[in-house]
Amino acid sequence: MNGIVATEEAEKPAAARSLPETWGKNERMRHIPSVEWMTWKLDYDLRRRIDKLFAPYAALPADDPRHGPLETEWRALCRAIDRFADAIRHSRGAQGPQELGNRISWTIGQAAGALHSLDSTLFGRRYPFQTFERSKGEALYGALLVIIDHLNRVTPLMRDVDPNIDAHLYEDLVRLEEPMRETPMA
């Protein structure tokens with residue numbers, strides 16, 4: 001033995017005792033994407049899709065029979081984005097606008113701002129096993145996947161309102177450096 005008695009180790013202050021693991025030294029979990037990717041996905045990709053999908057709904061009259069089920073799905077999407085933002089902040093934020101379109105846009109902005117406040121070097125690392133806590137990254141990525149799932153539920157419903165919605169969603173995905181010719185090549 002090295003001559004240290006267990007009681008001597010226990011009498012040391014908590015900071016002086018060596019922990020088996022520390023959060024900063026644990027490697028990143030490979031199944032959790034980076035904060036930068038999650039920010040891009042929410043603020044650019046999903047926001048673009050939501051804006052294009054919401055435009056036909058905003059033009060839909062309130063007395064249309066499709067309006068009720070669509071509003072239910074849009075509100076569920078808004079709640080999912082709220083939960084995502086709350087998981088980042090660990091608290092409820094300020095109340096946003098009440099109109100659905102403005103609320104969704106405002107909530108995405110709040111969530112993206114909260115994502116920017118995360119430390120990208122520590123995000124996605126496994127917590128030390130002695131704390132018995134789950135990583136914050138797993139819960140956030142799960143909440144982002146719920147947003148994507150809600151958006152995938154809204155998309156087929158919006159196809160009934162606007163049959164050309166897929167063409168609008170695919171716009172600006174590919175940009176040609178040189179526009180295609182109007183006349184055939186052969």
# chains A, B, ... in the order shown; residues from 1 in each chain; ligands from 1

$ select_by_dssp --residues "region 23-85 of chain A" --states "helix (DSSP H, G or I)" --output "ChimeraX atom specification"
/A:23-25,35-59,67-85

$ residues_around --residues "region 160-163 of chain A" --least-positions-apart "3" --cutoff "9 Å" --atoms "only C-alpha atoms" --output "ChimeraX atom specification"
/A:56-57,60,66,156-157,166-167

$ atom_distance --atom1 "CA of Trp40 (chain A)" --atom2 "CA of Glu99 (chain A)"
25.1 Å

$ residues_around --residues "Trp106 (chain A)" --least-positions-apart "6" --cutoff "12 Å" --atoms "only C-alpha atoms" --output "PyMOL selection string"
chain A and resi 43+47+78+81-82+85+93-100+112-113

$ atom_distance --atom1 "CA of Arg175 (chain A)" --atom2 "CA of Arg48 (chain A)"
16.0 Å
